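Taking it in order: structure first as structure tokens, then the write-up.
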Amino acid sequence: MENNRFLLYGANGYTGKLIAIMAAQYGLIPILAGRNHTSIKDLASELDLDYRIISLRDNSSLENALKEVPLVLHAAGPFQFTSKIMIEACLATNTHYLDITGEIGVFESAKRYNDKATAAGVMLMPGVGFDVVPTDCMAKYLKNLLPDATNLQLAFASIGGKFSHGTAMTMAEGLGEGGAARVNGKITKEPIGKKGMWVDFGLKKLFVMSIPWGDVSTAFFTTGIPNIQTYTGASEKTFKLLKWQFFYNWILRTSFVRNYVKKQIKQKPAGPTDEMRANAKSLVWGLASNDNGQQVSARLVGPEGYTLTAISSLIIAKKVLAGNFIAGYQTPAAVYGADLVLEIPGVSREIIA
């Protein structure tokens, strides 16, 4: 009989709660976990699920909880502060690790545990949500179309969506830190918004600018393409303002500014409403080229980002629990292929060049 129980850490967060609510649709039973006793207990009571109150600082309790299940879906960010603790606990307990990060540093850090994970027979797969499933699948799709590709551009945007507290908090931690791209196989620092362009996403033509998205790390692992630039939708006004960032980035890096921004975030709604999620769309575009000037391009449309994250993370969790995994550090499309994203209801993809 297929094991359908897993630990969902950070279940009281915006995305964690969505995952908990949708889990039954995929025949999965999460044990809700987190450090906030009241919110975890209330959600568990509402959904008739088991729960564990665990601080990541309590290593003994964390490992005891992980010993109960074959897999953890880690949804408590910012992952630059939480992923290492959870990964090491998973390796100590032979537990598969999934998370919903989009942080380049987290992917690069997780790679360093590859040998230990392989020896333990467990899979480490950060980024099983919107970060980075649709873009990783796009990268793999374009690589399949143009096997000798040497350059890859990936862009994403949304129509009608908004950020959750968790996403906004992660962004606050990155204020003033600059951007990154993959150049000749190496992750290279560069200013956020170094490049900008207009992209036809099909539903809408939008301006995008370069940012340090997780695919700078993951798309290289998935495809081997040595030059990778990632973009997101932005206003041209913001793009122009960023040209002066070298004057003010040092201010954004101060704890005073970051703490002020975090305080403002906490005063806003936890995330998009159900109605907003139902009506919003996520958009992905990609273009690959080789040294001979050949190009292939494609785009996809899917459900709103947090909805997509909940669904994709549950689809992958179900695969792992069924024994469909590869031990060691992995990326979604490297294991499950370019068509993984098409398993998500409401996703469509087309070649455009």
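Just so we're on the same page: first chain in the structure tokens is A, next is B, and so on; residues restart at 1 for each chain, and ligands are numbered from 1 in the order they show up.
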
Can you pull out every residue within 7 Å of stretch 226-231 of chain A, counting only C-alpha atoms, but drop anything in the same chain fewer than 4 positions away, and send it as a list in words?
-> Thr150, Asn151, Leu152, Gln153, Leu154, Ala155, Phe156, Ala181, Arg182, Val183, Asn184, Gly185, Val208, Met209, Ser210, Ile211, Pro212, Trp213, Val216 and Phe220 of chain A

Selected residues written out, C-alpha atoms, as a JSON list (two decimals), in the first residue's frame:
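Listing of result26.json after writing:
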[["chain", "number", "residue", "atom", "x", "y", "z"],
["A", 150, "THR", "CA", 24.31, 27.62, -25.00],
["A", 151, "ASN", "CA", 22.09, 30.52, -23.93],
["A", 152, "LEU", "CA", 18.79, 30.50, -22.04],
["A", 153, "GLN", "CA", 16.42, 33.31, -21.12],
["A", 154, "LEU", "CA", 13.50, 32.65, -18.80],
["A", 155, "ALA", "CA", 10.83, 35.18, -17.82],
["A", 156, "PHE", "CA", 7.76, 34.95, -15.61],
["A", 181, "ALA", "CA", 23.07, 35.43, -13.79],
["A", 182, "ARG", "CA", 24.83, 32.30, -15.05],
["A", 183, "VAL", "CA", 27.77, 33.25, -17.28],
["A", 184, "ASN", "CA", 29.94, 30.56, -18.89],
["A", 185, "GLY", "CA", 28.74, 28.06, -16.32],
["A", 208, "VAL", "CA", 10.35, 42.34, -17.74],
["A", 209, "MET", "CA", 13.68, 42.97, -16.03],
["A", 210, "SER", "CA", 16.48, 40.66, -14.93],
["A", 211, "ILE", "CA", 16.40, 39.31, -11.36],
["A", 212, "PRO", "CA", 18.23, 36.56, -9.43],
["A", 213, "TRP", "CA", 15.57, 33.80, -9.82],
["A", 216, "VAL", "CA", 20.16, 30.66, -12.33],
["A", 220, "PHE", "CA", 21.99, 24.79, -15.18]]

Apply DSSP to the backbone of this structure and, from stretch 16-193 of chain A, keep only the residues in alpha helix (DSSP H); write these as a VMD selection string.
-> chain A and resid 16 to 22 37 to 47 59 to 66 79 to 93 104 to 111 114 to 120 133 to 145 165 to 173

Would you kindly return, as a PyMOL selection string, each protein, DNA or RNA residue with an atom no farther than 7 Å from any atom of stretch 87-97 of chain A, considering only C-alpha atoms and excluding same-chain residues fewer than 5 positions away?
-> chain A and resi 63+66-67+70-73+117+120+122-125

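In terms of minimum interatomic distance to A:Leu62, A:Ile85 ranks closest within A:Ala11, A:Leu314, A:Ile85, A:Leu43, counting only C-alpha atoms.
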
Write out as a tab-separated table (two decimals) with C-alpha atoms, in the first residue's frame the residues lying within 8 Å of A:Val347, counting only C-alpha atoms and excluding same-chain residues fewer than 2 positions away.
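What follows is the written file part-v5.tsv:
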chain	number	residue	atom	x	y	z
A	300	LEU	CA	2.99	28.67	-20.92
A	301	VAL	CA	0.00	29.87	-18.97
A	302	GLY	CA	-1.02	28.41	-15.63
A	303	PRO	CA	-3.01	29.05	-12.48
A	341	VAL	CA	4.14	21.13	-15.35
A	342	LEU	CA	1.38	19.86	-17.69
A	343	GLU	CA	0.13	17.61	-14.87
A	344	ILE	CA	-1.06	20.78	-13.11
A	345	PRO	CA	-4.71	21.56	-14.02
A	349	ARG	CA	2.15	25.36	-23.32

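If you look at atom CA of A:Asn12 and atom CA of A:Asn36, they are 7.5 Å away from each other.
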
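Here atom CA of A:Ile40 stands at a distance of 25.6 Å from atom CA of A:Val106.
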
Which is closest to A:Ser60 among A:Ala219, A:Ile316, A:Leu283, A:Met86, if we use only C-alpha atoms?
-> A:Met86
